[in-house]
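Peer 1: My file is final-v6.pdb. It has PDB, C-alpha atoms:
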ATOM      1  CA  MET A   1     -30.962  42.400  10.001  1.00  0.00           C
ATOM      2  CA  ASN A   2     -28.125  43.471   7.749  1.00  0.00           C
ATOM      3  CA  GLN A   3     -26.320  40.714   5.909  1.00  0.00           C
ATOM      4  CA  SER A   4     -23.182  40.794   3.797  1.00  0.00           C
ATOM      5  CA  THR A   5     -22.215  38.197   1.217  1.00  0.00           C
ATOM      6  CA  THR A   6     -19.015  37.366   3.080  1.00  0.00           C
ATOM      7  CA  ALA A   7     -18.045  37.300   6.712  1.00  0.00           C
ATOM      8  CA  ASP A   8     -16.087  40.190   8.150  1.00  0.00           C
ATOM      9  CA  THR A   9     -15.410  38.914  11.623  1.00  0.00           C
ATOM     10  CA  THR A  10     -17.672  37.063  13.953  1.00  0.00           C
ATOM     11  CA  GLY A  11     -17.200  35.115  17.100  1.00  0.00           C
ATOM     12  CA  PRO A  12     -16.425  31.439  16.801  1.00  0.00           C
ATOM     13  CA  ILE A  13     -19.131  29.109  15.544  1.00  0.00           C
ATOM     14  CA  THR A  14     -19.208  25.808  17.379  1.00  0.00           C
ATOM     15  CA  LEU A  15     -20.777  22.484  16.458  1.00  0.00           C
ATOM     16  CA  SER A  16     -20.626  19.475  18.785  1.00  0.00           C
ATOM     17  CA  PHE A  17     -21.937  16.015  18.067  1.00  0.00           C
ATOM     18  CA  PRO A  18     -21.467  12.383  19.076  1.00  0.00           C
ATOM     19  CA  VAL A  19     -19.186  10.299  16.862  1.00  0.00           C
ATOM     20  CA  SER A  20     -21.275   8.623  14.178  1.00  0.00           C
ATOM     21  CA  ALA A  21     -21.331   8.332  10.412  1.00  0.00           C
ATOM     22  CA  GLU A  22     -24.527  10.339  10.157  1.00  0.00           C
ATOM     23  CA  MET A  23     -23.081  13.196  12.169  1.00  0.00           C
ATOM     24  CA  ILE A  24     -20.100  13.504   9.843  1.00  0.00           C
ATOM     25  CA  LEU A  25     -22.588  14.302   7.094  1.00  0.00           C
ATOM     26  CA  LEU A  26     -23.794  17.145   9.311  1.00  0.00           C
ATOM     27  CA  ALA A  27     -20.206  18.385   9.601  1.00  0.00           C
ATOM     28  CA  ARG A  28     -19.918  18.409   5.791  1.00  0.00           C
ATOM     29  CA  LEU A  29     -23.123  20.368   5.381  1.00  0.00           C
ATOM     30  CA  THR A  30     -22.067  22.848   8.043  1.00  0.00           C
ATOM     31  CA  GLY A  31     -18.665  23.187   6.428  1.00  0.00           C
ATOM     32  CA  ALA A  32     -20.234  24.028   3.078  1.00  0.00           C
ATOM     33  CA  ALA A  33     -22.333  26.739   4.691  1.00  0.00           C
ATOM     34  CA  ILE A  34     -19.339  28.161   6.578  1.00  0.00           C
ATOM     35  CA  ALA A  35     -17.240  28.204   3.403  1.00  0.00           C
ATOM     36  CA  SER A  36     -19.943  29.992   1.501  1.00  0.00           C
ATOM     37  CA  ARG A  37     -20.261  32.516   4.303  1.00  0.00           C
ATOM     38  CA  ALA A  38     -16.488  33.100   4.177  1.00  0.00           C
ATOM     39  CA  GLY A  39     -16.678  33.930   0.482  1.00  0.00           C
ATOM     40  CA  PHE A  40     -15.140  30.756  -0.919  1.00  0.00           C
ATOM     41  CA  ASP A  41     -15.949  29.960  -4.541  1.00  0.00           C
ATOM     42  CA  ILE A  42     -17.612  26.694  -5.566  1.00  0.00           C
ATOM     43  CA  GLU A  43     -14.391  24.714  -5.874  1.00  0.00           C
ATOM     44  CA  GLU A  44     -13.038  26.033  -2.574  1.00  0.00           C
ATOM     45  CA  THR A  45     -16.351  25.266  -0.900  1.00  0.00           C
ATOM     46  CA  GLU A  46     -16.227  21.683  -2.184  1.00  0.00           C
ATOM     47  CA  ASP A  47     -12.642  21.396  -0.946  1.00  0.00           C
ATOM     48  CA  PHE A  48     -13.700  22.664   2.459  1.00  0.00           C
ATOM     49  CA  ARG A  49     -16.623  20.236   2.571  1.00  0.00           C
ATOM     50  CA  LEU A  50     -14.235  17.338   1.949  1.00  0.00           C
ATOM     51  CA  ALA A  51     -11.821  18.788   4.515  1.00  0.00           C
ATOM     52  CA  MET A  52     -14.581  18.731   7.163  1.00  0.00           C
ATOM     53  CA  ASP A  53     -15.232  15.081   6.407  1.00  0.00           C
ATOM     54  CA  GLU A  54     -11.571  14.137   6.575  1.00  0.00           C
ATOM     55  CA  ILE A  55     -10.756  16.109   9.697  1.00  0.00           C
ATOM     56  CA  CYS A  56     -13.590  14.357  11.564  1.00  0.00           C
ATOM     57  CA  LEU A  57     -12.504  10.946  10.279  1.00  0.00           C
ATOM     58  CA  LEU A  58      -8.925  11.727  11.262  1.00  0.00           C
ATOM     59  CA  VAL A  59      -9.514  12.772  14.847  1.00  0.00           C
ATOM     60  CA  ALA A  60     -12.120  10.109  15.638  1.00  0.00           C
ATOM     61  CA  GLY A  61     -10.379   7.276  13.828  1.00  0.00           C
ATOM     62  CA  ASP A  62     -12.223   4.028  14.244  1.00  0.00           C
ATOM     63  CA  SER A  63     -13.838   5.099  17.488  1.00  0.00           C
ATOM     64  CA  SER A  64     -17.575   4.694  17.736  1.00  0.00           C
ATOM     65  CA  GLU A  65     -17.793   6.452  21.084  1.00  0.00           C
ATOM     66  CA  GLY A  66     -16.920   9.927  22.210  1.00  0.00           C
ATOM     67  CA  SER A  67     -17.764  13.288  20.710  1.00  0.00           C
ATOM     68  CA  ILE A  68     -16.388  15.787  18.219  1.00  0.00           C
ATOM     69  CA  THR A  69     -16.364  19.556  18.528  1.00  0.00           C
ATOM     70  CA  LEU A  70     -15.826  21.731  15.462  1.00  0.00           C
ATOM     71  CA  GLU A  71     -14.986  25.374  16.072  1.00  0.00           C
ATOM     72  CA  PHE A  72     -14.866  27.803  13.166  1.00  0.00           C
ATOM     73  CA  GLU A  73     -13.241  31.237  13.226  1.00  0.00           C
ATOM     74  CA  LEU A  74     -14.293  33.226  10.194  1.00  0.00           C
ATOM     75  CA  GLY A  75     -12.316  36.087   8.769  1.00  0.00           C
ATOM     76  CA  LYS A  76     -12.756  37.737   5.418  1.00  0.00           C
ATOM     77  CA  GLY A  77     -11.926  34.980   2.973  1.00  0.00           C
ATOM     78  CA  THR A  78     -10.363  32.797   5.656  1.00  0.00           C
ATOM     79  CA  VAL A  79     -11.639  30.046   7.929  1.00  0.00           C
ATOM     80  CA  VAL A  80      -9.650  28.576  10.789  1.00  0.00           C
ATOM     81  CA  THR A  81     -11.107  25.306  12.044  1.00  0.00           C
ATOM     82  CA  LEU A  82     -10.344  23.449  15.236  1.00  0.00           C
ATOM     83  CA  CYS A  83     -11.639  19.892  15.332  1.00  0.00           C
ATOM     84  CA  THR A  84     -11.380  18.122  18.684  1.00  0.00           C
ATOM     85  CA  PHE A  85     -12.214  14.520  19.460  1.00  0.00           C
ATOM     86  CA  HIS A  86     -13.141  13.898  23.082  1.00  0.00           C
ATOM     87  CA  PRO A  87     -12.792  10.168  23.683  1.00  0.00           C
ATOM     88  CA  THR A  88     -14.520   8.112  26.277  1.00  0.00           C
ATOM     89  CA  SER A  89     -12.405   5.936  28.506  1.00  0.00           C
ATOM     90  CA  ASP A  90     -12.949   3.092  26.015  1.00  0.00           C
ATOM     91  CA  SER A  91     -11.951   5.079  22.947  1.00  0.00           C
ATOM     92  CA  ALA A  92      -8.650   6.624  24.001  1.00  0.00           C
ATOM     93  CA  PRO A  93      -6.489   7.843  21.083  1.00  0.00           C
ATOM     94  CA  ARG A  94      -3.773   5.574  19.736  1.00  0.00           C
ATOM     95  CA  PRO A  95      -0.992   7.879  18.477  1.00  0.00           C
ATOM     96  CA  ALA A  96       0.355   5.351  15.963  1.00  0.00           C
ATOM     97  CA  ARG A  97      -2.751   5.605  13.800  1.00  0.00           C
ATOM     98  CA  TYR A  98      -2.070   9.292  13.096  1.00  0.00           C
ATOM     99  CA  ASP A  99       1.165   8.486  11.248  1.00  0.00           C
ATOM    100  CA  ASN A 100       1.329  11.097   8.485  1.00  0.00           C
ATOM    101  CA  ASP A 101       2.874   8.960   5.789  1.00  0.00           C
ATOM    102  CA  SER A 102       0.224   6.276   5.777  1.00  0.00           C
ATOM    103  CA  ASN A 103      -2.914   8.189   6.645  1.00  0.00           C
ATOM    104  CA  PHE A 104      -5.075   9.072   3.637  1.00  0.00           C
ATOM    105  CA  SER A 105      -6.973  11.685   5.646  1.00  0.00           C
ATOM    106  CA  VAL A 106      -3.774  13.581   6.431  1.00  0.00           C
ATOM    107  CA  GLN A 107      -2.634  13.444   2.819  1.00  0.00           C
ATOM    108  CA  ILE A 108      -5.991  14.742   1.583  1.00  0.00           C
ATOM    109  CA  LEU A 109      -6.191  17.464   4.234  1.00  0.00           C
ATOM    110  CA  LYS A 110      -2.722  18.748   3.413  1.00  0.00           C
ATOM    111  CA  ALA A 111      -3.729  19.051  -0.238  1.00  0.00           C
ATOM    112  CA  LEU A 112      -6.967  20.869   0.531  1.00  0.00           C
ATOM    113  CA  VAL A 113      -5.954  23.468   3.100  1.00  0.00           C
ATOM    114  CA  ASP A 114      -3.239  26.069   3.622  1.00  0.00           C
ATOM    115  CA  GLU A 115      -2.178  25.062   7.130  1.00  0.00           C
ATOM    116  CA  TYR A 116      -2.575  21.817   9.052  1.00  0.00           C
ATOM    117  CA  SER A 117      -1.467  20.669  12.486  1.00  0.00           C
ATOM    118  CA  LEU A 118      -2.424  17.882  14.848  1.00  0.00           C
ATOM    119  CA  GLU A 119      -2.009  17.339  18.570  1.00  0.00           C
ATOM    120  CA  VAL A 120      -2.666  13.980  20.194  1.00  0.00           C
ATOM    121  CA  THR A 121      -2.921  13.591  23.947  1.00  0.00           C
ATOM    122  CA  PRO A 122      -4.523  10.874  26.060  1.00  0.00           C
ATOM    123  CA  GLN A 123      -7.399  13.242  26.709  1.00  0.00           C
ATOM    124  CA  ALA A 124      -8.128  14.520  23.213  1.00  0.00           C
ATOM    125  CA  VAL A 125      -7.112  14.703  19.571  1.00  0.00           C
ATOM    126  CA  CYS A 126      -7.138  18.195  18.133  1.00  0.00           C
ATOM    127  CA  ALA A 127      -6.568  19.070  14.484  1.00  0.00           C
ATOM    128  CA  ARG A 128      -6.289  22.650  13.286  1.00  0.00           C
ATOM    129  CA  ILE A 129      -6.617  23.738   9.686  1.00  0.00           C
ATOM    130  CA  SER A 130      -6.668  27.107   8.004  1.00  0.00           C
ATOM    131  CA  LYS A 131      -7.964  27.775   4.523  1.00  0.00           C
ATOM    132  CA  SER A 132      -8.169  31.014   2.606  1.00  0.00           C
ATOM    133  CA  ALA A 133      -9.968  31.916  -0.579  1.00  0.00           C
ATOM    134  CA  ALA A 134      -7.731  32.405  -3.586  1.00  0.00           C
ATOM    135  CA  VAL A 135      -9.002  35.976  -4.053  1.00  0.00           C
ATOM    136  CA  THR A 136     -10.285  37.896  -1.054  1.00  0.00           C
TER
ATOM    137  CA  MET B   1     -26.422  18.683  -1.689  1.00  0.00           C
ATOM    138  CA  GLU B   2     -26.184  15.022  -0.770  1.00  0.00           C
ATOM    139  CA  GLU B   3     -26.883  12.660  -3.645  1.00  0.00           C
ATOM    140  CA  VAL B   4     -28.439   9.242  -3.164  1.00  0.00           C
ATOM    141  CA  PHE B   5     -25.875   6.449  -3.097  1.00  0.00           C
ATOM    142  CA  GLN B   6     -26.469   3.857  -5.790  1.00  0.00           C
ATOM    143  CA  ILE B   7     -24.550   0.737  -6.719  1.00  0.00           C
ATOM    144  CA  SER B   8     -25.118  -1.949  -9.337  1.00  0.00           C
ATOM    145  CA  SER B   9     -23.084  -4.544 -11.164  1.00  0.00           C
ATOM    146  CA  HIS B  10     -23.176  -6.668 -14.273  1.00  0.00           C
ATOM    147  CA  GLU B  11     -20.876  -9.167 -15.952  1.00  0.00           C
ATOM    148  CA  ASN B  12     -20.087  -9.377 -19.629  1.00  0.00           C
ATOM    149  CA  GLY B  13     -17.372 -11.433 -21.277  1.00  0.00           C
ATOM    150  CA  GLY B  14     -15.706 -12.369 -18.009  1.00  0.00           C
ATOM    151  CA  ILE B  15     -15.431  -8.761 -16.851  1.00  0.00           C
ATOM    152  CA  THR B  16     -17.518  -7.514 -13.967  1.00  0.00           C
ATOM    153  CA  THR B  17     -18.461  -3.841 -13.965  1.00  0.00           C
ATOM    154  CA  VAL B  18     -19.545  -2.240 -10.703  1.00  0.00           C
ATOM    155  CA  SER B  19     -21.198   1.152 -11.230  1.00  0.00           C
ATOM    156  CA  VAL B  20     -21.406   3.557  -8.313  1.00  0.00           C
ATOM    157  CA  GLY B  21     -23.303   6.828  -7.981  1.00  0.00           C
ATOM    158  CA  GLY B  22     -23.719   9.450  -5.285  1.00  0.00           C
ATOM    159  CA  GLU B  23     -21.466  10.001  -2.308  1.00  0.00           C
ATOM    160  CA  ILE B  24     -18.948   7.425  -1.069  1.00  0.00           C
ATOM    161  CA  ASP B  25     -18.252   8.197   2.567  1.00  0.00           C
ATOM    162  CA  VAL B  26     -18.107   6.490   5.940  1.00  0.00           C
ATOM    163  CA  SER B  27     -21.860   5.771   5.705  1.00  0.00           C
ATOM    164  CA  THR B  28     -21.880   4.239   2.243  1.00  0.00           C
ATOM    165  CA  ALA B  29     -18.400   2.711   1.960  1.00  0.00           C
ATOM    166  CA  PRO B  30     -19.540  -0.537   3.692  1.00  0.00           C
ATOM    167  CA  SER B  31     -22.088  -1.107   0.879  1.00  0.00           C
ATOM    168  CA  LEU B  32     -19.339  -0.650  -1.686  1.00  0.00           C
ATOM    169  CA  ARG B  33     -17.129  -3.088   0.213  1.00  0.00           C
ATOM    170  CA  THR B  34     -19.935  -5.667   0.257  1.00  0.00           C
ATOM    171  CA  LYS B  35     -20.515  -5.341  -3.487  1.00  0.00           C
ATOM    172  CA  LEU B  36     -16.807  -5.694  -4.247  1.00  0.00           C
ATOM    173  CA  LEU B  37     -16.533  -8.744  -2.001  1.00  0.00           C
ATOM    174  CA  GLU B  38     -19.431 -10.311  -3.934  1.00  0.00           C
ATOM    175  CA  HIS B  39     -17.404  -9.894  -7.092  1.00  0.00           C
ATOM    176  CA  GLU B  40     -14.311 -11.434  -5.516  1.00  0.00           C
ATOM    177  CA  SER B  41     -16.253 -14.514  -4.470  1.00  0.00           C
ATOM    178  CA  SER B  42     -17.635 -14.901  -8.008  1.00  0.00           C
ATOM    179  CA  GLY B  43     -14.184 -15.802  -9.339  1.00  0.00           C
ATOM    180  CA  SER B  44     -14.158 -13.184 -12.104  1.00  0.00           C
ATOM    181  CA  LYS B  45     -10.588 -11.938 -12.550  1.00  0.00           C
ATOM    182  CA  THR B  46     -11.210  -8.517 -14.057  1.00  0.00           C
ATOM    183  CA  LEU B  47     -13.150  -5.824 -12.250  1.00  0.00           C
ATOM    184  CA  VAL B  48     -14.089  -2.413 -13.623  1.00  0.00           C
ATOM    185  CA  VAL B  49     -15.316   0.078 -11.028  1.00  0.00           C
ATOM    186  CA  ASP B  50     -17.264   2.844 -12.738  1.00  0.00           C
ATOM    187  CA  LEU B  51     -17.105   5.992 -10.591  1.00  0.00           C
ATOM    188  CA  LEU B  52     -18.555   8.341 -13.231  1.00  0.00           C
ATOM    189  CA  GLY B  53     -21.655   8.959 -11.112  1.00  0.00           C
ATOM    190  CA  VAL B  54     -19.745   9.619  -7.891  1.00  0.00           C
ATOM    191  CA  SER B  55     -20.014  13.184  -6.617  1.00  0.00           C
ATOM    192  CA  PHE B  56     -18.019  12.768  -3.397  1.00  0.00           C
ATOM    193  CA  LEU B  57     -15.282  10.374  -2.336  1.00  0.00           C
ATOM    194  CA  ASP B  58     -13.413  10.433   0.957  1.00  0.00           C
ATOM    195  CA  SER B  59     -10.636   8.388   2.542  1.00  0.00           C
ATOM    196  CA  THR B  60     -12.983   5.628   3.685  1.00  0.00           C
ATOM    197  CA  GLY B  61     -13.994   5.058   0.061  1.00  0.00           C
ATOM    198  CA  LEU B  62     -10.339   5.067  -0.941  1.00  0.00           C
ATOM    199  CA  GLY B  63      -9.636   2.477   1.727  1.00  0.00           C
ATOM    200  CA  VAL B  64     -12.335   0.175   0.380  1.00  0.00           C
ATOM    201  CA  LEU B  65     -11.019   0.466  -3.181  1.00  0.00           C
ATOM    202  CA  VAL B  66      -7.426  -0.136  -2.089  1.00  0.00           C
ATOM    203  CA  GLY B  67      -8.474  -3.180  -0.061  1.00  0.00           C
ATOM    204  CA  ALA B  68     -10.337  -4.666  -3.025  1.00  0.00           C
ATOM    205  CA  PHE B  69      -7.415  -3.890  -5.320  1.00  0.00           C
ATOM    206  CA  LYS B  70      -4.965  -5.721  -3.068  1.00  0.00           C
ATOM    207  CA  ARG B  71      -7.202  -8.771  -2.629  1.00  0.00           C
ATOM    208  CA  LEU B  72      -7.819  -9.024  -6.359  1.00  0.00           C
ATOM    209  CA  ARG B  73      -4.137  -8.588  -7.156  1.00  0.00           C
ATOM    210  CA  ASP B  74      -3.247 -11.363  -4.699  1.00  0.00           C
ATOM    211  CA  GLN B  75      -5.686 -13.618  -6.571  1.00  0.00           C
ATOM    212  CA  GLY B  76      -4.064 -12.777  -9.913  1.00  0.00           C
ATOM    213  CA  GLY B  77      -6.829 -10.424 -10.989  1.00  0.00           C
ATOM    214  CA  THR B  78      -6.936  -6.835 -12.165  1.00  0.00           C
ATOM    215  CA  MET B  79      -8.999  -3.821 -11.200  1.00  0.00           C
ATOM    216  CA  ARG B  80      -9.643  -0.757 -13.348  1.00  0.00           C
ATOM    217  CA  LEU B  81     -11.268   2.496 -12.297  1.00  0.00           C
ATOM    218  CA  VAL B  82     -13.347   4.842 -14.437  1.00  0.00           C
ATOM    219  CA  ILE B  83     -13.150   8.488 -13.367  1.00  0.00           C
ATOM    220  CA  ASN B  84     -13.777  11.627 -15.386  1.00  0.00           C
ATOM    221  CA  GLN B  85     -14.344  14.252 -12.710  1.00  0.00           C
ATOM    222  CA  PRO B  86     -11.260  16.247 -11.717  1.00  0.00           C
ATOM    223  CA  ARG B  87     -12.465  16.556  -8.126  1.00  0.00           C
ATOM    224  CA  ILE B  88     -12.627  12.769  -7.701  1.00  0.00           C
ATOM    225  CA  LEU B  89      -9.385  12.180  -9.578  1.00  0.00           C
ATOM    226  CA  ARG B  90      -7.637  14.707  -7.355  1.00  0.00           C
ATOM    227  CA  VAL B  91      -8.281  12.533  -4.284  1.00  0.00           C
ATOM    228  CA  PHE B  92      -6.359   9.728  -5.963  1.00  0.00           C
ATOM    229  CA  GLU B  93      -3.588  12.078  -7.043  1.00  0.00           C
ATOM    230  CA  VAL B  94      -2.893  13.617  -3.638  1.00  0.00           C
ATOM    231  CA  THR B  95      -2.733  10.175  -2.050  1.00  0.00           C
ATOM    232  CA  ASP B  96      -0.437   8.936  -4.839  1.00  0.00           C
ATOM    233  CA  LEU B  97      -2.915   6.183  -5.700  1.00  0.00           C
ATOM    234  CA  THR B  98      -2.795   7.050  -9.396  1.00  0.00           C
ATOM    235  CA  SER B  99       0.485   5.120  -9.390  1.00  0.00           C
ATOM    236  CA  ILE B 100      -1.173   1.826  -8.458  1.00  0.00           C
ATOM    237  CA  PHE B 101      -4.634   2.038 -10.046  1.00  0.00           C
ATOM    238  CA  SER B 102      -5.316   1.810 -13.761  1.00  0.00           C
ATOM    239  CA  ILE B 103      -7.618   4.779 -14.326  1.00  0.00           C
ATOM    240  CA  PHE B 104      -9.673   5.369 -17.480  1.00  0.00           C
ATOM    241  CA  SER B 105     -12.017   8.192 -18.434  1.00  0.00           C
ATOM    242  CA  THR B 106     -14.736   5.997 -20.023  1.00  0.00           C
ATOM    243  CA  VAL B 107     -16.159   2.557 -19.308  1.00  0.00           C
ATOM    244  CA  ASP B 108     -15.445   1.455 -22.882  1.00  0.00           C
ATOM    245  CA  GLU B 109     -11.759   2.267 -22.489  1.00  0.00           C
ATOM    246  CA  ALA B 110     -11.632   0.409 -19.177  1.00  0.00           C
ATOM    247  CA  LEU B 111     -13.305  -2.659 -20.690  1.00  0.00           C
ATOM    248  CA  LYS B 112     -10.692  -2.712 -23.458  1.00  0.00           C
ATOM    249  CA  GLY B 113      -7.921  -2.321 -20.883  1.00  0.00           C
TER
END
Is it possible to express this structure as structure tokens?
Peer 2:
Amino acid sequence: MNQSTTADTTGPITLSFPVSAEMILLARLTGAAIASRAGFDIEETEDFRLAMDEICLLVAGDSSEGSITLEFELGKGTVVTLCTFHPTSDSAPRPARYDNDSNFSVQILKALVDEYSLEVTPQAVCARISKSAAVT
Amino acid sequence: MEEVFQISSHENGGITTVSVGGEIDVSTAPSLRTKLLEHESSGSKTLVVDLLGVSFLDSTGLGVLVGAFKRLRDQGGTMRLVINQPRILRVFEVTDLTSIFSIFSTVDEALKG
């Protein structure tokens, strides 16, 4: 199998897991591997690892039920990530808690990535971030 | 690589120092909260939180520190942080928390205030 040090283009990579503290650690570890694959340097990889943590915390909020799906699109030196929280009927999203001015996760994410957006519906919470390496 | 979360505390001259190591995240932040609440119930007015050994800090850890800061302030106490890693300090900067916390680069400086 031929391997390159950075990703050219691949299909999306998807990780799904139930909401739990332990699973967010898995998201961080996966994020570090994805960042490395995309050609990020050490600092950018650490930023991306923290971004994975915060994006999961953001979409799930204080819910202890439901599931999270992370979808990564890798380009050369760029990763686009979609993070979707699928609530159960008992963990429906409360839009007020996503207020940008008072949410530490949003503030941290905006500092770590190049693009950030969030969509909240009764059915799901979906955050999208894009991060590129400084030199590609 | 995940580092093992460690937390300890000691008191000297009326100042309690809580030293934390490893990763502060949604899994470990409750242990930090418990340790800080122990300090608050002890009646000591000055708290130094040594984060020199912390390799990762997310918003849940920030929330715990802010909560402890507010409770201590309401009781007339003070809280000082010790941070020397740019990556950890950056989390405080982007959330504008450097404007409310007293942050020092060594424990000795924090103890002197």
Peer 1: Between CA of Gly67 in chain B and CA of Ile24 in chain A, what is the distance, to one decimal in Å?
Peer 2: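 Computing the Euclidean distance for CA of Gly67 in chain B and CA of Ile24 in chain A yields 22.6 Å.
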Peer 1: Distance CA of Ser132 in chain A-CA of Asp53 in chain A, one decimal place?
Peer 2: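 Straight-line distance from CA of Ser132 in chain A to CA of Asp53 in chain A works out to 17.8 Å.
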Peer 1: What's the separation between CA of Cys83 in chain A and CA of Gln85 in chain B, in Å to one decimal place?
Peer 2: 28.7 Å
Peer 1: Within 12 Å of (-13.0, -14.1, -5.4) (file coordinates; only C-alpha atoms), which protein or nucleic acid residues are there? I'd like them as a VMD selection string.
Peer 2: chain B and resid 16 35 to 47 68 to 78
Peer 1: Any chance you could work out the residue set of the PyMOL selection byres ((chain A and resi 18) around 10) here, as a ChimeraX atom specification?
Peer 2: /A:16-17,19-24,64-69,85-86
Peer 1: Selection in question (the file shown): the ChimeraX specification (/B :<12) & /A. Which residues does it include, as number ranges by chain?
Peer 2: A: 19-26, 28-30, 32-33, 42-47, 49-58, 60-62, 64, 100-112
Peer 1: Please provide the set of residues having any atom within 9 Å of Leu65 in chain B, restricted to all atoms listed in the file, with same-chain residues fewer than 6 positions apart removed, written as an NGL selection string.
Peer 2: :B and (32-33 or 36 or 49)
Peer 1: Could you tell me which residues the PyMOL selection byres ((chain A and resi 78) around 7) returns for this structure, as a list of chain:residue names?
Peer 2: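 Listing what the PyMOL selection byres ((chain A and resi 78) around 7) selects in the shown file: A:Ala38, A:Leu74, A:Gly75, A:Lys76, A:Gly77, A:Val79, A:Val80, A:Lys131, A:Ser132, A:Ala133.
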Peer 1: Which is closest to Ile15 in chain B among B:Ile88, B:Met79, B:Ile100, B:Val64, if we use only C-alpha atoms?
Peer 2: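 Result for the nearest residue to Ile15 in chain B: B:Met79.
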Peer 1: At a cut-off of 9 Å, using all atoms listed in the file, what residues contact Gly53 in chain B? Leave out same-chain residues fewer than 4 positions from it and give the result as an mmCIF file with C-alpha atoms, in the frame of the given file.
Peer 2:
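See part10.cif below for the written result:
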data_model
loop_
_atom_site.group_PDB
_atom_site.id
_atom_site.type_symbol
_atom_site.label_atom_id
_atom_site.label_comp_id
_atom_site.auth_asym_id
_atom_site.auth_seq_id
_atom_site.Cartn_x
_atom_site.Cartn_y
_atom_site.Cartn_z
ATOM 1 C CA GLN B 6 -26.469 3.857 -5.790
ATOM 2 C CA SER B 19 -21.198 1.152 -11.230
ATOM 3 C CA VAL B 20 -21.406 3.557 -8.313
ATOM 4 C CA GLY B 21 -23.303 6.828 -7.981
ATOM 5 C CA GLY B 22 -23.719 9.450 -5.285
ATOM 6 C CA GLU B 23 -21.466 10.001 -2.308
ATOM 7 C CA ILE B 83 -13.150 8.488 -13.367
#
Peer 1: Closest to Tyr116 in chain A among A:Thr81, A:Pro87, A:Phe48, A:Gly11, using only C-alpha atoms?
Peer 2: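 When distances to Tyr116 in chain A are compared using only C-alpha atoms, the smallest one comes from A:Thr81.
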